[in-house]
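What follows is the content of my_file_10.txt (compact mmCIF, C-alpha atoms and all ligand atoms).
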# COMPACT_ATOMS: atom_id res chain seq x y z
CA MET C 7 62.71 -31.48 -35.22
CA PHE C 8 62.00 -32.61 -31.69
CA PHE C 9 61.48 -36.18 -32.75
CA ARG C 10 65.00 -36.32 -34.07
CA ARG C 11 66.49 -35.71 -30.70
CA GLY C 12 66.36 -39.32 -29.68
CA LYS C 13 68.61 -40.20 -32.58
CA LYS C 14 71.01 -37.33 -32.07
CA PRO C 15 74.63 -38.44 -31.75
CA LYS C 16 76.25 -37.84 -28.42
CA GLU C 17 77.85 -34.49 -27.71
CA LYS C 18 81.48 -33.96 -28.54
CA PRO C 19 83.72 -35.36 -25.83
CA GLU C 20 85.05 -31.85 -25.16
CA ALA C 21 81.64 -30.83 -23.83
CA LYS C 22 81.76 -33.42 -21.07
CA ILE C 23 83.03 -32.66 -17.65
CA ILE C 24 84.70 -35.56 -15.96
CA ILE C 25 86.29 -34.75 -12.65
CA PRO C 26 88.38 -37.60 -11.36
CA ASP C 27 89.36 -37.74 -7.73
CA GLY C 28 92.82 -36.34 -7.39
CA LEU C 29 94.72 -33.17 -7.71
CA TRP C 30 95.06 -32.87 -11.45
CA LEU C 31 92.60 -32.60 -14.25
CA LYS C 32 93.02 -32.63 -18.01
CA CYS C 33 91.38 -29.79 -19.95
CA GLU C 34 88.76 -31.30 -22.22
CA SER C 35 89.51 -28.76 -24.90
CA CYS C 36 93.30 -28.18 -25.09
CA GLY C 37 94.54 -31.19 -23.14
CA GLU C 38 96.52 -29.07 -20.66
CA ILE C 39 96.99 -30.73 -17.28
CA LEU C 40 95.46 -28.42 -14.71
CA TYR C 41 95.88 -28.28 -10.97
CA LYS C 42 92.39 -28.74 -9.59
CA LYS C 43 92.75 -26.12 -6.87
CA GLU C 44 93.90 -23.59 -9.42
CA LEU C 45 91.08 -24.55 -11.75
CA GLU C 46 88.68 -23.86 -8.93
CA ARG C 47 90.33 -20.49 -8.31
CA ASN C 48 89.83 -19.77 -12.01
CA LEU C 49 86.11 -20.56 -11.56
CA TRP C 50 86.46 -23.77 -13.55
CA THR C 51 87.87 -22.14 -16.65
CA CYS C 52 91.09 -23.26 -18.32
CA ALA C 53 93.88 -20.71 -17.85
CA LYS C 54 95.49 -21.83 -21.11
CA CYS C 55 92.61 -22.03 -23.62
CA ASN C 56 89.74 -20.33 -21.78
CA PHE C 57 87.55 -23.47 -21.95
CA HIS C 58 84.63 -23.09 -19.56
CA PHE C 59 83.93 -26.31 -17.67
CA ARG C 60 80.31 -26.96 -16.81
CA ILE C 61 79.41 -26.09 -13.23
CA PRO C 62 76.16 -26.76 -11.34
CA ALA C 63 73.44 -24.15 -10.72
CA ARG C 64 74.34 -23.84 -7.03
CA ARG C 65 77.87 -22.82 -7.91
CA TYR C 66 76.53 -20.05 -10.15
CA ILE C 67 74.34 -18.88 -7.27
CA ALA C 68 77.42 -18.67 -5.03
CA LEU C 69 79.37 -16.93 -7.76
CA LEU C 70 76.88 -14.37 -9.05
CA LEU C 71 74.52 -13.29 -6.29
CA ASP C 72 75.21 -10.92 -3.37
CA GLU C 73 76.63 -12.97 -0.49
CA GLY C 74 76.04 -16.00 -2.72
CA LYS C 75 72.50 -16.12 -1.40
CA LEU C 76 69.19 -17.00 -3.03
CA ASP C 77 65.90 -16.85 -1.15
CA GLU C 78 64.42 -19.86 -2.93
CA PHE C 79 60.84 -20.24 -4.08
CA PRO C 80 59.54 -23.53 -2.72
CA LEU C 81 58.91 -26.18 -5.36
CA ALA C 82 55.15 -26.51 -4.97
CA LEU C 83 54.74 -29.18 -7.64
CA LYS C 84 56.11 -32.66 -7.90
CA THR C 85 57.11 -34.20 -11.21
CA ARG C 86 55.03 -37.22 -12.14
CA ASN C 87 55.20 -39.66 -14.99
CA VAL C 88 51.87 -38.57 -16.47
CA LEU C 89 52.37 -40.31 -19.81
CA GLY C 90 53.65 -43.53 -18.25
CA PHE C 91 56.89 -43.07 -20.21
CA PRO C 92 59.11 -46.14 -19.76
CA ARG C 93 61.74 -45.76 -17.02
CA TYR C 94 60.97 -42.04 -16.50
CA SER C 95 60.17 -42.48 -12.79
CA GLU C 96 63.46 -44.32 -12.25
CA LYS C 97 65.39 -41.71 -14.23
CA LEU C 98 63.89 -38.96 -12.09
CA LYS C 99 64.96 -40.69 -8.92
CA GLU C 100 68.47 -41.22 -10.26
CA ALA C 101 68.70 -37.56 -11.29
CA GLN C 102 67.52 -36.44 -7.85
CA GLN C 103 70.10 -38.57 -6.11
CA LYS C 104 72.91 -37.58 -8.43
CA SER C 105 72.23 -33.84 -8.52
CA LYS C 106 70.85 -33.49 -4.99
CA LEU C 107 68.10 -31.38 -6.54
CA GLU C 108 64.37 -32.01 -6.53
CA GLU C 109 64.10 -30.83 -10.15
CA GLY C 110 66.28 -29.27 -12.85
CA VAL C 111 65.70 -25.67 -11.80
CA ILE C 112 66.39 -23.43 -8.82
CA ALA C 113 64.65 -20.06 -8.52
CA GLY C 114 64.05 -17.33 -6.00
CA ARG C 115 64.67 -13.75 -4.96
CA ALA C 116 68.17 -12.42 -4.61
CA ARG C 117 70.20 -9.25 -4.65
CA LEU C 118 72.65 -8.42 -7.37
CA GLY C 119 74.82 -5.40 -6.62
CA GLY C 120 72.14 -4.37 -4.14
CA GLU C 121 69.34 -4.56 -6.72
CA THR C 122 66.56 -7.03 -5.87
CA VAL C 123 66.00 -9.50 -8.70
CA VAL C 124 64.26 -12.77 -9.42
CA PHE C 125 66.98 -15.26 -10.29
CA VAL C 126 66.43 -18.60 -12.02
CA ALA C 127 69.02 -21.23 -12.98
CA THR C 128 68.54 -24.53 -14.77
CA ASP C 129 70.97 -27.33 -13.93
CA PHE C 130 72.46 -29.58 -16.59
CA GLY C 131 73.14 -32.22 -13.96
CA PHE C 132 69.41 -32.95 -13.72
CA MET C 133 68.41 -34.78 -16.90
CA GLY C 134 70.43 -32.40 -19.07
CA GLY C 135 68.65 -29.37 -17.60
CA SER C 136 65.60 -30.30 -19.65
CA MET C 137 62.27 -28.50 -19.19
CA GLY C 138 59.40 -30.67 -18.01
CA SER C 139 56.12 -29.37 -16.58
CA VAL C 140 57.57 -28.55 -13.17
CA VAL C 141 60.61 -26.73 -14.55
CA GLY C 142 58.34 -24.80 -16.93
CA GLU C 143 55.93 -23.88 -14.16
CA MET C 144 58.78 -22.70 -11.92
CA VAL C 145 60.11 -20.51 -14.73
CA ALA C 146 56.58 -19.16 -15.38
CA HIS C 147 56.04 -18.58 -11.65
CA SER C 148 59.33 -16.66 -11.46
CA ILE C 149 58.34 -14.46 -14.41
CA ARG C 150 54.95 -13.73 -12.78
CA HIS C 151 56.72 -12.91 -9.52
CA ALA C 152 59.04 -10.44 -11.28
CA ARG C 153 56.04 -8.78 -12.96
CA LYS C 154 54.01 -8.53 -9.76
CA GLU C 155 56.89 -7.14 -7.73
CA GLU C 156 58.20 -5.05 -10.65
CA ILE C 157 61.75 -6.32 -10.22
CA PRO C 158 64.16 -7.46 -12.96
CA LEU C 159 64.44 -11.08 -13.96
CA VAL C 160 67.72 -12.90 -14.58
CA ILE C 161 67.67 -16.45 -15.95
CA LEU C 162 70.80 -18.57 -16.37
CA THR C 163 70.45 -21.66 -18.51
CA ALA C 164 72.37 -24.92 -18.85
CA SER C 165 69.82 -26.96 -20.73
CA GLY C 166 71.26 -29.30 -23.32
CA GLY C 167 68.13 -31.38 -23.10
CA GLY C 168 65.67 -28.71 -24.28
CA ALA C 169 62.07 -29.74 -23.67
CA ARG C 170 61.86 -32.99 -21.70
CA MET C 171 60.84 -35.69 -24.16
CA GLN C 172 59.49 -37.99 -21.43
CA GLU C 173 56.66 -35.51 -20.87
CA GLY C 174 55.77 -35.13 -24.54
CA ILE C 175 53.26 -32.39 -25.28
CA PHE C 176 53.11 -31.32 -21.63
CA SER C 177 56.76 -30.42 -21.90
CA LEU C 178 56.32 -28.60 -25.23
CA MET C 179 53.45 -26.58 -23.73
CA GLN C 180 55.95 -25.03 -21.32
CA MET C 181 57.62 -23.29 -24.26
CA ALA C 182 54.42 -21.42 -25.11
CA LYS C 183 53.58 -20.75 -21.47
CA THR C 184 56.95 -19.27 -20.51
CA SER C 185 57.06 -17.22 -23.74
CA ALA C 186 53.57 -15.82 -23.09
CA GLU C 187 54.52 -14.87 -19.52
CA LEU C 188 57.62 -13.12 -20.87
CA ALA C 189 55.49 -11.15 -23.34
CA LEU C 190 53.49 -9.83 -20.36
CA LEU C 191 56.73 -9.00 -18.56
CA ALA C 192 57.92 -7.05 -21.60
CA GLN C 193 54.59 -5.19 -21.76
CA ALA C 194 55.14 -4.18 -18.16
CA SER C 195 58.62 -2.87 -19.16
CA ILE C 196 60.44 -5.07 -16.66
CA PRO C 197 64.00 -5.96 -17.71
CA TYR C 198 64.83 -9.56 -18.47
CA ILE C 199 68.45 -10.69 -18.80
CA THR C 200 69.53 -14.18 -19.82
CA VAL C 201 72.89 -15.84 -19.25
CA LEU C 202 73.36 -18.78 -21.60
CA THR C 203 75.92 -21.40 -20.65
CA HIS C 204 77.11 -24.53 -22.41
CA PRO C 205 74.91 -26.09 -23.70
CA THR C 206 71.53 -24.38 -24.13
CA MET C 207 69.56 -26.11 -26.83
CA ALA C 208 66.23 -27.06 -28.38
CA GLY C 209 63.00 -26.22 -26.50
CA VAL C 210 64.71 -24.10 -23.85
CA MET C 211 66.66 -22.08 -26.43
CA ALA C 212 63.52 -21.79 -28.58
CA SER C 213 61.54 -20.30 -25.71
CA PHE C 214 62.66 -18.35 -22.64
CA ALA C 215 66.45 -18.60 -23.15
CA SER C 216 66.46 -16.61 -26.39
CA LEU C 217 63.89 -14.02 -25.32
CA GLY C 218 66.08 -11.92 -23.03
CA ASP C 219 66.15 -8.16 -23.54
CA ILE C 220 69.87 -8.63 -23.13
CA ILE C 221 71.40 -12.01 -23.91
CA ILE C 222 74.79 -12.84 -22.44
CA ALA C 223 76.68 -16.07 -23.17
CA GLU C 224 79.74 -17.70 -21.71
CA PRO C 225 82.61 -18.22 -24.20
CA GLY C 226 82.46 -21.29 -26.42
CA ALA C 227 78.96 -22.33 -25.37
CA LEU C 228 76.91 -24.40 -27.81
CA LEU C 229 73.61 -22.57 -28.25
CA GLY C 230 70.90 -23.43 -30.72
CA PHE C 231 67.80 -25.38 -31.60
CA THR C 232 68.88 -28.57 -33.36
CA GLY C 233 72.51 -29.56 -32.84
CA PRO C 234 75.09 -29.10 -35.61
CA ARG C 235 75.52 -32.79 -36.41
CA VAL C 236 71.80 -33.34 -37.00
CA ILE C 237 71.65 -30.21 -39.18
CA GLU C 238 74.61 -31.46 -41.23
CA GLN C 239 72.94 -34.82 -41.70
CA THR C 240 69.64 -33.19 -42.65
CA ILE C 241 70.88 -30.60 -45.15
CA GLY C 242 73.80 -32.71 -46.38
CA GLN C 243 76.24 -29.81 -46.10
CA LYS C 244 79.21 -28.93 -43.95
CA LEU C 245 78.54 -26.16 -41.47
CA PRO C 246 80.98 -23.25 -41.04
CA PRO C 247 83.55 -23.50 -38.23
CA GLY C 248 82.28 -22.35 -34.85
CA PHE C 249 78.64 -22.78 -35.91
CA GLN C 250 76.24 -22.32 -32.97
CA ARG C 251 79.03 -21.31 -30.61
CA SER C 252 78.74 -18.08 -28.59
CA GLU C 253 81.29 -16.11 -30.63
CA PHE C 254 79.67 -17.11 -33.94
CA LEU C 255 76.23 -16.14 -32.63
CA LEU C 256 77.52 -12.79 -31.37
CA GLU C 257 78.92 -12.06 -34.82
CA HIS C 258 75.55 -12.98 -36.36
CA GLY C 259 73.49 -10.90 -33.95
CA LEU C 260 71.66 -13.61 -32.01
CA ILE C 261 73.27 -12.72 -28.69
CA ASP C 262 74.48 -9.42 -27.27
CA MET C 263 77.65 -10.23 -25.34
CA VAL C 264 80.16 -13.00 -24.71
CA VAL C 265 81.38 -12.68 -21.14
CA HIS C 266 84.04 -14.66 -19.27
CA ARG C 267 82.72 -16.36 -16.14
CA ARG C 268 84.88 -14.17 -13.90
CA ASP C 269 83.21 -11.04 -15.31
CA LEU C 270 79.62 -12.29 -15.27
CA ARG C 271 78.66 -10.82 -11.90
CA SER C 272 80.13 -7.37 -12.57
CA THR C 273 78.54 -7.33 -16.05
CA LEU C 274 75.09 -8.20 -14.67
CA ILE C 275 75.41 -5.51 -12.00
CA ARG C 276 76.47 -2.92 -14.56
CA ILE C 277 73.53 -3.75 -16.85
CA LEU C 278 71.04 -3.71 -13.98
CA LYS C 279 72.34 -0.32 -12.82
CA ILE C 280 71.80 1.11 -16.30
CA LEU C 281 68.35 -0.46 -16.77
CA MET C 282 67.05 0.38 -13.33
CA ILE C 283 67.82 4.10 -13.29
CA LYS C 284 64.78 5.59 -11.63
CA LYS C 285 63.07 8.42 -13.47
ZN ZN L 1 92.26 -25.75 -21.97
In structure tokens, write the structure found in this file.
Amino acid sequence: MFFRRGKKPKEKPEAKIIIPDGLWLKCESCGEILYKKELERNLWTCAKCNFHFRIPARRYIALLLDEGKLDEFPLALKTRNVLGFPRYSEKLKEAQQKSKLEEGVIAGRARLGGETVVFVATDFGFMGGSMGSVVGEMVAHSIRHARKEEIPLVILTASGGGARMQEGIFSLMQMAKTSAELALLAQASIPYITVLTHPTMAGVMASFASLGDIIIAEPGALLGFTGPRVIEQTIGQKLPPGFQRSEFLLEHGLIDMVVHRRDLRSTLIRILKILMIKK
């Protein structure tokens, strides 16, 4: 279904985050007018309807990790337009300028409740958090690092773009590569926890995002392979309400927990403490 992605209708307006300059902001979901400072205090979640606004990877790092610190792995590879895909080089540059990131992923070593972990976060602000060769290699490198050091792995995803179409098969290969590395991690009995945020779709969801030993999701996140509108068009049927949203997927057993952003850090620490009890 990858080839359909190009034709996929745009996401629902509610999924967009538009932050105008100024003190007030309208909730994309319930329409409530929110005081920006208070919204920030609420970790960018609506106090009225619980809508979770999208936040960049760096904000999650500040929010989740001990002292908000990540000892980053250097990005050893540079993304290139290997297929000569039209306008890809320009798009990359634009994404770099806009997101102030070199690529759509940040990874490194960190502490979580005192436990050393490898932490990875994809950033929606960089080409939809899509996985090209460099993102895939960074994820694979992080998994290898966790295995070598025998420390748990935590990956947070915000990847509406799935595999990066501008890199074609090279991008799809990252799905197999990251999944194979995770199989080795599982064989070594090293815990792997994923935190899925809105939206995590397509090639990312169909590889490392859905392979966590424990899968946590933020409330209301859209998580799946092909988006609901394309599925409806393809099968010619209406989908049930809440389809592919966190709560629906919890009910159907695809994920393990739905956790409010304010409780993410304490939940991760609690899980790590249970999993890392030394024999
Ligand atoms: Zn709201």
Task: Protein and nucleic residues near ligand ZN 1 (chain L), 10 Å, all atoms listed in the file, as a list of chain:residue names - done: C:Glu20, C:Lys32, C:Cys33, C:Glu34, C:Ser35, C:Cys36, C:Gly37, C:Glu38, C:Ile39, C:Leu40, C:Thr51, C:Cys52, C:Ala53, C:Lys54, C:Cys55, C:Asn56, C:Phe57, C:His58, C:Phe59
Open item on the list: What's around Pro80 in chain C at 10 Å? Count only C-alpha atoms, leave out sequence neighbours fewer than 6 positions away in its own chain, and write the answer as a ChimeraX atom specification.
Closed with: /C:112-114,144
TODO: Show which residues sit within 8 Å of Leu29 in chain C, as JSON, numbers by chain. Count all atoms listed in the file, and ignore same-chain residues fewer than 6 positions away.
DONE: {"C": [41, 42, 43]}
- [ ] Mind giving me the straight-line distance from CA of Ile283 in chain C to CA of Arg271 in chain C in Å, one decimal?
- [x] 18.5 Å
Given all atoms listed in the file, how would the per-residue table for range 9-110 of chain C near range 145-164 of chain C read, listing every residue at most 10 Å away with its closest atom pair and distance in Å to one decimal, sorted by chain and number, as CSV?
residue,atom,partner,partner_atom,distance
C:Arg60,CA,C:Ala164,CA,8.4
C:Ile61,CA,C:Ala164,CA,9.1
C:Pro62,CA,C:Ala164,CA,8.6
C:Ala63,CA,C:Ala164,CA,8.2
C:Tyr66,CA,C:Leu162,CA,8.6
C:Ile67,CA,C:Leu162,CA,9.8
C:Phe79,CA,C:Ser148,CA,8.3
C:Gly110,CA,C:Ala164,CA,9.6
Can you check which parts of range 68-156 of chain C lie within 8 Å of range 167-191 of chain C? Per residue, the shortest pair of atoms and distance in Å to one decimal, counting only C-alpha atoms, sorted by chain and number, as CSV.
residue,atom,partner,partner_atom,distance
C:Asn87,CA,C:Glu173,CA,7.3
C:Val88,CA,C:Glu173,CA,7.2
C:Leu89,CA,C:Glu173,CA,6.5
C:Phe91,CA,C:Gln172,CA,5.8
C:Tyr94,CA,C:Gln172,CA,6.5
C:Met133,CA,C:Gly167,CA,7.1
C:Gly134,CA,C:Gly167,CA,4.8
C:Gly135,CA,C:Gly167,CA,5.9
C:Ser136,CA,C:Gly167,CA,4.4
C:Met137,CA,C:Ala169,CA,4.7
C:Gly138,CA,C:Ser177,CA,4.7
C:Ser139,CA,C:Ser177,CA,5.5
C:Gly142,CA,C:Gln180,CA,5.0
C:Glu143,CA,C:Gln180,CA,7.3
C:Val145,CA,C:Thr184,CA,6.7
C:Ala146,CA,C:Thr184,CA,5.1
C:Ile149,CA,C:Glu187,CA,6.4
C:Arg150,CA,C:Glu187,CA,6.8
C:Ala152,CA,C:Leu191,CA,7.8
C:Arg153,CA,C:Leu191,CA,5.6
